[in-house]
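Enquirer: Sharing entry_33.cif here; it has mmCIF, C-alpha atoms.
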data_target
#
loop_
_atom_site.group_PDB
_atom_site.id
_atom_site.type_symbol
_atom_site.label_atom_id
_atom_site.label_comp_id
_atom_site.auth_asym_id
_atom_site.auth_seq_id
_atom_site.Cartn_x
_atom_site.Cartn_y
_atom_site.Cartn_z
ATOM 1 C CA MET A 1 122.135 120.113 112.250
ATOM 2 C CA ARG A 2 121.343 122.027 109.061
ATOM 3 C CA ASN A 3 119.134 120.351 106.484
ATOM 4 C CA SER A 4 119.533 121.740 102.985
ATOM 5 C CA PHE A 5 116.629 119.559 101.779
ATOM 6 C CA LYS A 6 114.280 121.390 104.158
ATOM 7 C CA ASP A 7 115.682 124.735 103.008
ATOM 8 C CA LEU A 8 115.023 123.721 99.417
ATOM 9 C CA GLU A 9 111.468 122.742 100.342
ATOM 10 C CA LYS A 10 110.882 126.154 101.947
ATOM 11 C CA GLU A 11 112.173 127.827 98.802
ATOM 12 C CA ASN A 12 109.826 125.753 96.622
ATOM 13 C CA ILE A 13 106.838 126.414 98.877
ATOM 14 C CA SER A 14 107.478 130.172 98.698
ATOM 15 C CA ARG A 15 107.224 129.903 94.888
ATOM 16 C CA PHE A 16 103.776 128.373 95.378
ATOM 17 C CA GLU A 17 102.223 131.447 97.007
ATOM 18 C CA SER A 18 101.546 133.176 93.702
ATOM 19 C CA GLU A 19 99.891 130.044 92.260
ATOM 20 C CA SER A 20 97.963 128.938 95.342
ATOM 21 C CA GLU A 21 94.657 130.807 94.875
ATOM 22 C CA ASN A 22 94.529 130.045 91.167
ATOM 23 C CA ILE A 23 94.975 126.293 91.723
ATOM 24 C CA LYS A 24 92.467 126.291 94.578
ATOM 25 C CA ASN A 25 89.841 127.955 92.396
ATOM 26 C CA LYS A 26 90.411 125.391 89.659
ATOM 27 C CA ILE A 27 90.033 122.511 92.143
ATOM 28 C CA GLU A 28 86.840 124.014 93.577
ATOM 29 C CA GLY A 29 85.473 124.513 90.053
ATOM 30 C CA GLU A 30 86.215 120.904 89.183
ATOM 31 C CA THR A 31 84.702 119.512 92.398
ATOM 32 C CA SER A 32 81.526 121.534 91.952
ATOM 33 C CA SER A 33 81.202 120.159 88.403
ATOM 34 C CA TYR A 34 81.506 116.619 89.808
ATOM 35 C CA LYS A 35 78.913 117.454 92.478
ATOM 36 C CA PHE A 36 76.550 118.889 89.868
ATOM 37 C CA ILE A 37 76.823 115.759 87.706
ATOM 38 C CA GLY A 38 76.325 113.616 90.815
ATOM 39 C CA ASP A 39 73.198 115.553 91.779
ATOM 40 C CA ILE A 40 71.773 115.243 88.267
ATOM 41 C CA LEU A 41 72.371 111.495 88.285
ATOM 42 C CA ASP A 42 70.852 111.224 91.758
ATOM 43 C CA LEU A 43 67.783 113.116 90.664
ATOM 44 C CA TYR A 44 67.092 111.490 87.314
ATOM 45 C CA PHE A 45 68.759 108.080 87.355
ATOM 46 C CA SER A 46 66.214 106.556 89.743
ATOM 47 C CA LYS A 47 63.356 107.957 87.598
ATOM 48 C CA VAL A 48 64.882 106.534 84.414
ATOM 49 C CA MET A 49 65.354 103.172 86.099
ATOM 50 C CA GLY A 50 61.732 103.320 87.272
ATOM 51 C CA VAL A 51 60.597 103.866 83.671
ATOM 52 C CA PHE A 52 62.656 100.881 82.516
ATOM 53 C CA VAL A 53 61.221 98.706 85.277
ATOM 54 C CA ALA A 54 57.694 99.799 84.394
ATOM 55 C CA MET A 55 58.316 99.162 80.689
ATOM 56 C CA SER A 56 59.567 95.666 81.406
ATOM 57 C CA GLY A 57 56.372 94.869 83.289
ATOM 58 C CA GLY A 58 57.538 95.463 86.875
ATOM 59 C CA SER A 59 55.920 97.750 89.394
ATOM 60 C CA ASP A 60 57.201 100.682 91.370
ATOM 61 C CA ASN A 61 57.612 99.559 95.016
ATOM 62 C CA LYS A 62 57.326 103.083 96.402
ATOM 63 C CA LYS A 63 53.990 103.706 94.681
ATOM 64 C CA ASN A 64 52.625 100.375 95.897
ATOM 65 C CA GLN A 65 53.697 101.158 99.447
ATOM 66 C CA GLU A 66 52.070 104.592 99.287
ATOM 67 C CA LYS A 67 48.845 102.973 98.033
ATOM 68 C CA ASP A 68 48.924 100.445 100.871
ATOM 69 C CA ASN A 69 49.434 103.195 103.424
ATOM 70 C CA SER A 70 46.566 105.300 102.112
ATOM 71 C CA ASN A 71 44.144 102.335 102.310
ATOM 72 C CA PRO A 72 44.352 101.159 105.930
ATOM 73 C CA ALA A 73 41.037 99.278 105.562
ATOM 74 C CA ASP A 74 42.623 96.778 103.103
ATOM 75 C CA MET B 1 80.630 135.565 95.636
ATOM 76 C CA ALA B 2 80.156 138.562 97.936
ATOM 77 C CA MET B 3 77.691 136.527 99.987
ATOM 78 C CA PHE B 4 80.206 133.687 100.230
ATOM 79 C CA ASN B 5 82.882 136.095 101.453
ATOM 80 C CA LEU B 6 80.496 137.327 104.134
ATOM 81 C CA LEU B 7 79.511 133.835 105.268
ATOM 82 C CA TYR B 8 82.975 132.263 105.054
ATOM 83 C CA PRO B 9 84.249 133.456 108.465
ATOM 84 C CA LEU B 10 81.036 132.140 110.046
ATOM 85 C CA LEU B 11 81.475 128.743 108.399
ATOM 86 C CA THR B 12 85.093 128.375 109.450
ATOM 87 C CA ARG B 13 85.174 129.992 112.894
ATOM 88 C CA ASP B 14 84.236 126.827 114.809
ATOM 89 C CA ILE B 15 86.884 124.646 113.215
ATOM 90 C CA PRO B 16 89.924 124.516 115.481
ATOM 91 C CA ALA B 17 93.237 124.809 113.686
ATOM 92 C CA THR B 18 94.623 121.956 115.778
ATOM 93 C CA MET B 19 92.039 119.455 114.487
ATOM 94 C CA SER B 20 93.774 116.278 113.320
ATOM 95 C CA ASP B 21 93.856 115.399 109.633
ATOM 96 C CA GLU B 22 91.735 112.317 110.293
ATOM 97 C CA ASP B 23 89.014 114.363 111.999
ATOM 98 C CA VAL B 24 89.047 116.963 109.218
ATOM 99 C CA ILE B 25 88.588 114.173 106.656
ATOM 100 C CA LYS B 26 85.708 112.615 108.617
ATOM 101 C CA GLU B 27 83.947 115.973 108.852
ATOM 102 C CA TYR B 28 84.547 116.772 105.189
ATOM 103 C CA LEU B 29 83.134 113.424 104.086
ATOM 104 C CA ALA B 30 80.126 113.817 106.369
ATOM 105 C CA THR B 31 79.297 117.451 105.601
ATOM 106 C CA GLN B 32 81.046 118.270 102.298
ATOM 107 C CA ASN B 33 81.696 121.666 103.900
ATOM 108 C CA SER B 34 84.377 123.412 101.849
ATOM 109 C CA ALA B 35 85.906 124.881 105.024
ATOM 110 C CA TYR B 36 87.319 121.407 105.778
ATOM 111 C CA PHE B 37 88.736 121.196 102.283
ATOM 112 C CA ASP B 38 90.371 124.586 102.892
ATOM 113 C CA ILE B 39 92.146 123.224 105.957
ATOM 114 C CA LEU B 40 93.567 120.268 104.038
ATOM 115 C CA TYR B 41 94.516 122.575 101.168
ATOM 116 C CA LYS B 42 96.337 124.989 103.480
ATOM 117 C CA ARG B 43 98.183 122.165 105.222
ATOM 118 C CA TYR B 44 99.354 120.244 102.183
ATOM 119 C CA SER B 45 99.113 122.176 98.908
ATOM 120 C CA GLY B 46 102.474 123.913 99.357
ATOM 121 C CA LYS B 47 104.238 120.658 100.156
ATOM 122 C CA ILE B 48 102.625 118.901 97.203
ATOM 123 C CA PHE B 49 103.652 121.738 94.891
ATOM 124 C CA GLY B 50 107.189 121.624 96.339
ATOM 125 C CA LYS B 51 107.477 117.936 95.532
ATOM 126 C CA CYS B 52 105.974 118.370 92.080
ATOM 127 C CA ILE B 53 108.389 121.153 91.195
ATOM 128 C CA SER B 54 111.354 119.138 92.482
ATOM 129 C CA LEU B 55 110.372 116.188 90.317
ATOM 130 C CA LEU B 56 108.848 117.864 87.251
ATOM 131 C CA LYS B 57 111.171 120.906 87.241
ATOM 132 C CA GLU B 58 108.827 123.391 85.483
ATOM 133 C CA GLU B 59 106.508 125.625 87.494
ATOM 134 C CA ALA B 60 103.577 125.337 85.075
ATOM 135 C CA ARG B 61 103.758 121.520 85.051
ATOM 136 C CA ALA B 62 104.044 121.493 88.837
ATOM 137 C CA ALA B 63 100.936 123.681 89.150
ATOM 138 C CA ASP B 64 98.927 121.356 86.874
ATOM 139 C CA ALA B 65 100.217 118.328 88.762
ATOM 140 C CA THR B 66 99.281 119.882 92.119
ATOM 141 C CA GLN B 67 95.742 120.395 90.869
ATOM 142 C CA GLU B 68 95.480 116.826 89.585
ATOM 143 C CA VAL B 69 97.000 115.319 92.726
ATOM 144 C CA PHE B 70 94.544 117.267 94.887
ATOM 145 C CA MET B 71 91.627 116.071 92.758
ATOM 146 C CA LYS B 72 92.844 112.485 93.177
ATOM 147 C CA ILE B 73 93.061 113.024 96.920
ATOM 148 C CA LEU B 74 89.534 114.447 97.130
ATOM 149 C CA LEU B 75 87.997 111.766 94.930
ATOM 150 C CA ASN B 76 89.693 108.983 96.914
ATOM 151 C CA LEU B 77 89.341 110.491 100.368
ATOM 152 C CA SER B 78 86.776 107.881 101.404
ATOM 153 C CA LYS B 79 89.326 105.147 100.585
ATOM 154 C CA PHE B 80 91.856 106.527 103.078
ATOM 155 C CA SER B 81 91.868 103.806 105.696
ATOM 156 C CA GLY B 82 93.946 105.549 108.349
ATOM 157 C CA LYS B 83 96.464 102.670 108.491
ATOM 158 C CA SER B 84 99.242 105.078 107.562
ATOM 159 C CA LYS B 85 99.570 108.790 108.355
ATOM 160 C CA PHE B 86 97.527 111.050 106.071
ATOM 161 C CA SER B 87 100.710 112.861 105.031
ATOM 162 C CA THR B 88 102.298 109.551 103.967
ATOM 163 C CA TRP B 89 99.199 108.718 101.918
ATOM 164 C CA ILE B 90 99.315 112.137 100.234
ATOM 165 C CA TYR B 91 103.048 111.882 99.475
ATOM 166 C CA SER B 92 102.479 108.418 98.042
ATOM 167 C CA ILE B 93 99.895 109.802 95.589
ATOM 168 C CA THR B 94 102.163 112.755 94.730
ATOM 169 C CA TYR B 95 105.355 110.764 94.089
ATOM 170 C CA ASN B 96 103.587 108.064 92.110
ATOM 171 C CA PHE B 97 101.704 110.643 90.052
ATOM 172 C CA CYS B 98 104.871 112.606 89.177
ATOM 173 C CA ILE B 99 106.861 109.470 88.354
ATOM 174 C CA ASP B 100 103.998 108.354 86.105
ATOM 175 C CA VAL B 101 103.984 111.731 84.321
ATOM 176 C CA ILE B 102 107.735 111.502 83.674
ATOM 177 C CA ARG B 103 107.465 107.868 82.615
ATOM 178 C CA ARG B 104 104.789 108.760 80.065
ATOM 179 C CA ALA B 105 106.606 111.859 78.838
ATOM 180 C CA LYS B 106 110.124 110.671 78.213
ATOM 181 C CA LYS B 107 110.486 107.034 79.136
ATOM 182 C CA ASP B 108 113.371 107.723 81.519
ATOM 183 C CA PRO B 109 115.594 104.585 81.376
ATOM 184 C CA SER B 110 116.308 104.859 85.099
ATOM 185 C CA LEU B 111 112.645 104.060 85.702
ATOM 186 C CA LEU B 112 112.992 100.788 83.817
ATOM 187 C CA VAL B 113 116.349 99.395 85.018
ATOM 188 C CA ASP B 114 115.434 100.184 88.603
ATOM 189 C CA ASP B 115 115.193 96.620 89.910
ATOM 190 C CA ILE B 116 118.204 95.199 88.083
ATOM 191 C CA GLU B 117 120.464 97.749 89.767
ATOM 192 C CA THR B 118 119.816 96.507 93.294
ATOM 193 C CA LYS B 119 121.794 93.336 92.586
ATOM 194 C CA HIS B 120 125.098 95.238 92.482
ATOM 195 C CA ASP B 121 127.162 95.574 95.599
ATOM 196 C CA VAL B 122 127.408 98.884 97.385
ATOM 197 C CA VAL B 123 130.990 99.708 98.265
ATOM 198 C CA ASP B 124 130.953 102.451 100.907
ATOM 199 C CA ASP B 125 128.445 104.546 102.744
ATOM 200 C CA VAL B 126 127.966 108.303 102.293
ATOM 201 C CA GLU B 127 127.465 110.301 105.493
ATOM 202 C CA ASP B 128 124.110 112.086 105.864
ATOM 203 C CA THR B 129 125.897 115.330 106.707
ATOM 204 C CA TYR B 130 127.467 115.265 103.232
ATOM 205 C CA LEU B 131 123.991 115.889 101.771
ATOM 206 C CA LEU B 132 122.375 117.860 104.563
ATOM 207 C CA GLU B 133 124.981 120.587 104.920
ATOM 208 C CA LEU B 134 125.267 121.389 101.248
ATOM 209 C CA LYS B 135 124.425 124.845 99.855
ATOM 210 C CA VAL B 136 120.831 124.875 98.569
ATOM 211 C CA SER B 137 121.929 126.166 95.161
ATOM 212 C CA ARG B 138 124.292 123.192 94.758
ATOM 213 C CA LEU B 139 121.760 120.722 96.105
ATOM 214 C CA LYS B 140 119.343 121.913 93.436
ATOM 215 C CA VAL B 141 121.907 121.397 90.685
ATOM 216 C CA ILE B 142 122.757 117.855 91.793
ATOM 217 C CA LEU B 143 119.102 116.866 92.214
ATOM 218 C CA GLU B 144 118.480 118.025 88.641
ATOM 219 C CA GLU B 145 121.255 115.742 87.429
ATOM 220 C CA ILE B 146 120.609 112.455 89.196
ATOM 221 C CA PRO B 147 117.923 109.990 87.976
ATOM 222 C CA ILE B 148 114.360 110.668 89.056
ATOM 223 C CA MET B 149 114.060 107.535 91.213
ATOM 224 C CA ASP B 150 117.211 108.395 93.162
ATOM 225 C CA LYS B 151 115.939 111.925 93.638
ATOM 226 C CA SER B 152 112.591 110.603 94.916
ATOM 227 C CA PHE B 153 114.231 108.332 97.497
ATOM 228 C CA LEU B 154 116.422 111.165 98.774
ATOM 229 C CA LEU B 155 113.480 113.590 99.007
ATOM 230 C CA MET B 156 111.367 111.052 100.887
ATOM 231 C CA LYS B 157 114.142 110.385 103.386
ATOM 232 C CA TYR B 158 115.661 113.826 103.936
ATOM 233 C CA GLN B 159 112.844 116.240 103.067
ATOM 234 C CA ASP B 160 109.761 114.345 104.210
ATOM 235 C CA ASP B 161 111.462 112.516 107.099
ATOM 236 C CA LEU B 162 109.712 109.303 106.108
ATOM 237 C CA SER B 163 110.799 106.084 107.768
ATOM 238 C CA ILE B 164 112.133 103.132 105.755
ATOM 239 C CA ARG B 165 108.831 101.354 106.374
ATOM 240 C CA GLU B 166 106.834 104.315 105.041
ATOM 241 C CA ILE B 167 109.040 104.607 101.953
ATOM 242 C CA SER B 168 108.621 100.892 101.333
ATOM 243 C CA GLU B 169 104.818 101.340 101.492
ATOM 244 C CA ILE B 170 104.925 104.222 99.015
ATOM 245 C CA THR B 171 107.288 102.576 96.538
ATOM 246 C CA LYS B 172 105.944 99.042 97.075
ATOM 247 C CA LYS B 173 109.460 97.706 97.627
ATOM 248 C CA SER B 174 110.833 95.663 100.504
ATOM 249 C CA GLU B 175 112.492 97.536 103.366
ATOM 250 C CA SER B 176 115.902 96.064 102.523
ATOM 251 C CA ALA B 177 115.478 97.148 98.894
ATOM 252 C CA VAL B 178 114.632 100.670 100.077
ATOM 253 C CA LYS B 179 117.750 100.817 102.258
ATOM 254 C CA MET B 180 119.839 99.717 99.293
ATOM 255 C CA LYS B 181 118.169 102.256 97.008
ATOM 256 C CA ILE B 182 118.897 105.104 99.413
ATOM 257 C CA LYS B 183 122.505 104.015 99.794
ATOM 258 C CA ARG B 184 122.906 103.862 96.033
ATOM 259 C CA ALA B 185 121.174 107.212 95.542
ATOM 260 C CA LYS B 186 123.571 108.845 97.999
ATOM 261 C CA GLN B 187 126.522 107.403 96.125
ATOM 262 C CA LYS B 188 125.193 108.687 92.811
ATOM 263 C CA PHE B 189 124.652 112.040 94.447
ATOM 264 C CA ARG B 190 128.283 112.188 95.646
ATOM 265 C CA LYS B 191 129.643 110.986 92.301
ATOM 266 C CA THR B 192 127.635 113.643 90.427
ATOM 267 C CA TYR B 193 128.729 116.310 92.905
ATOM 268 C CA LYS B 194 132.386 115.454 92.377
ATOM 269 C CA GLU B 195 131.959 115.543 88.606
ATOM 270 C CA ILE B 196 130.320 118.962 88.632
ATOM 271 C CA TYR B 197 132.247 120.668 91.441
ATOM 272 C CA LYS B 198 135.698 119.268 90.758
ATOM 273 C CA GLU B 199 137.464 121.910 92.823
ATOM 274 C CA ASP B 200 135.902 120.653 96.121
#
Could you write out this file's structure as structure tokens?

Expert:
Amino acid sequence: MRNSFKDLEKENISRFESESENIKNKIEGETSSYKFIGDILDLYFSKVMGVFVAMSGGSDNKKNQEKDNSNPAD
Amino acid sequence: MAMFNLLYPLLTRDIPATMSDEDVIKEYLATQNSAYFDILYKRYSGKIFGKCISLLKEEARAADATQEVFMKILLNLSKFSGKSKFSTWIYSITYNFCIDVIRRAKKDPSLLVDDIETKHDVVDDVEDTYLLELKVSRLKVILEEIPIMDKSFLLMKYQDDLSIREISEITKKSESAVKMKIKRAKQKFRKTYKEIYKED
């Protein structure tokens, strides 16, 4: 049986070919911006939090662990 | 860019074209390799654009919507549970996004009186062949004329081959409400057709 809805879909998809690459580039541009922001946050957020913890009188667990490891005699 | 073009075939050559959507998603989430994104884009971007242009009518709006829908898909990919088919999940995002755009743009009254309508009785049924064997040019005209919700139900049933259960998941309506909506949409379709093409 014929399906005019499917024929219409094919027609619409064929109109997409000219736009496809352009849209894909925009999506890739947007995702790489998100990734860049994510990487920046990953890199600096923990440092900033560490500063806050230190300022409020806490200590950095990682540094303490490293100290413990370098002094096996203790 | 030249380097990317050189490396691209190497990055994609080991990915079989028959890989299931679910496996492609798993690999994309694990590796963030853009080759997996390319596969999803190739499989679904045309269909998403097709739906957007059917619902939003203008090519430029459909292109913007396709981009936004794809971004939503990528950003929410980790939330895809696999309970439904990936295609159903994608269509759900697409239809709901487009309906939202129209709702915001012109406050289509058909989007508001939607639930009140279901209380009316449906008199007679319209055969599927009535819609399926129509000329594409006429189908286009009628789909432009009927309310957006009716158009969405017809596209989901006849273009996407979604089951009543899948449509009920997408629209968040009961299965009996969906059946009634489709019946009513077909009647509106026939009524509009008769008004426009009086000679037939």

Enquirer: I'd like the neighbourhood of segment 2-12 of chain A as an MDAnalysis selection string, where a residue qualifies if any of its atoms comes within 9 Å (using all atoms listed in the file), though same-chain residues fewer than 2 positions away should be ignored.

Expert: (chainID A and resid 14:16) or (chainID B and resid 46:47 49:51 53:54 129 131:137 139:140 154:155 158:160)

Enquirer: Give me, please, the distance in Å between atom CA of Asp150 of chain B and atom CA of Ala185 of chain B, quoted to one decimal.

Expert: 4.8 Å

Enquirer: Excluding Met19 of chain B and any residue of its chain fewer than 4 positions from it, enumerate the residues within 12 Å of it, using all atoms listed in the file, and give them as a PyMOL selection string.

Expert: chain B and resi 14-15+23-27+36+39-40+43

Enquirer: From the set B:Met71, B:Leu56, B:Ala35, B:Leu77, which residue has the shortest atom-to-atom contact distance to chain A, counting only C-alpha atoms?

Expert: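 For chain A, the nearest of the given residues is B:Met71.
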
Enquirer: Under the rule that all atoms listed in the file are counted, which of B:Phe80, B:Val141, B:Asp21, B:Thr94 is the nearest residue to chain A?

Expert: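 Using all atoms listed in the file, chain A sits closest to B:Val141.
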
Enquirer: My list of candidates is B:Lys106, B:Met156, B:Ala63, B:Val101. Which is closest to Ser18 of chain A when distances are computed with only C-alpha atoms?

Expert: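 Among the listed residues, the smallest separation from Ser18 of chain A belongs to B:Ala63.
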
Enquirer: List the spatial neighbours of segment 64-67 of chain B as a PyMOL selection string - criterion: any atom at most 12 Å away, all atoms listed in the file, same-chain residues fewer than 6 positions off excluded.

Expert: (chain A and resi 16+19-31) or (chain B and resi 41+44-58+73-74+90-91+93-102)

Enquirer: State, in Å with one decimal place, the distance from atom CA of Lys151 of chain B to atom CA of Lys173 of chain B.

Expert: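 Going from atom CA of Lys151 of chain B over to atom CA of Lys173 of chain B covers 16.1 Å.
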
Enquirer: Just give me the gap between atom CA of Lys179 of chain B and atom CA of Glu145 of chain B in Å, one decimal is fine.

Expert: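 Distance reported for this atom pair: 21.3 Å.
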
Enquirer: Check the smallest atom-to-atom distance from each of B:Glu68, B:Glu195, B:Glu127, B:Glu22 to chain A using only C-alpha atoms, then report the winner.

Expert: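 Comparing B:Glu68, B:Glu195, B:Glu127, B:Glu22 against chain A, the winner is B:Glu68.
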
Enquirer: Counting all atoms listed in the file, which of B:Ala17, B:Lys42, B:Gln32, B:Ser92 gets nearest to Glu17 of chain A?

Expert: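 Looking only at the distances to Glu17 of chain A, the closest residue turns out to be B:Lys42.
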
Enquirer: For segment 79-95 of chain B, which lacks atoms in the input, supply N, CA and C atoms and format the output as a short mmCIF file (atom, residue, chain, number, x, y, z; two decimals), in the coordinates of the input.

Expert:
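The resulting result_15.cif:
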data_model
loop_
_atom_site.label_atom_id
_atom_site.label_comp_id
_atom_site.auth_asym_id
_atom_site.auth_seq_id
_atom_site.Cartn_x
_atom_site.Cartn_y
_atom_site.Cartn_z
N LYS B 79 88.54 106.40 100.58
CA LYS B 79 89.33 105.15 100.58
C LYS B 79 90.50 105.22 101.57
N PHE B 80 90.75 106.41 102.12
CA PHE B 80 91.86 106.53 103.08
C PHE B 80 91.48 105.76 104.35
N SER B 81 92.25 104.72 104.61
CA SER B 81 91.87 103.81 105.70
C SER B 81 92.38 104.26 107.06
N GLY B 82 93.38 105.11 107.07
CA GLY B 82 93.95 105.55 108.35
C GLY B 82 95.03 104.62 108.87
N LYS B 83 95.39 103.59 108.07
CA LYS B 83 96.46 102.67 108.49
C LYS B 83 97.80 103.41 108.56
N SER B 84 98.02 104.27 107.55
CA SER B 84 99.24 105.08 107.56
C SER B 84 98.85 106.52 107.90
N LYS B 85 99.88 107.38 108.11
CA LYS B 85 99.57 108.79 108.36
C LYS B 85 98.98 109.40 107.09
N PHE B 86 98.14 110.41 107.24
CA PHE B 86 97.53 111.05 106.07
C PHE B 86 98.61 111.66 105.18
N SER B 87 99.64 112.25 105.83
CA SER B 87 100.71 112.86 105.03
C SER B 87 101.42 111.82 104.18
N THR B 88 101.63 110.62 104.73
CA THR B 88 102.30 109.55 103.97
C THR B 88 101.44 109.16 102.76
N TRP B 89 100.14 109.08 102.99
CA TRP B 89 99.20 108.72 101.92
C TRP B 89 99.24 109.76 100.79
N ILE B 90 99.27 111.04 101.20
CA ILE B 90 99.32 112.14 100.23
C ILE B 90 100.64 112.11 99.45
N TYR B 91 101.75 111.90 100.16
CA TYR B 91 103.05 111.88 99.48
C TYR B 91 103.11 110.70 98.51
N SER B 92 102.50 109.59 98.91
CA SER B 92 102.48 108.42 98.04
C SER B 92 101.79 108.75 96.71
N ILE B 93 100.63 109.42 96.80
CA ILE B 93 99.90 109.80 95.59
C ILE B 93 100.75 110.77 94.76
N THR B 94 101.38 111.73 95.44
CA THR B 94 102.16 112.76 94.73
C THR B 94 103.36 112.14 94.00
N TYR B 95 104.16 111.35 94.72
CA TYR B 95 105.36 110.76 94.09
C TYR B 95 104.96 109.86 92.93
#
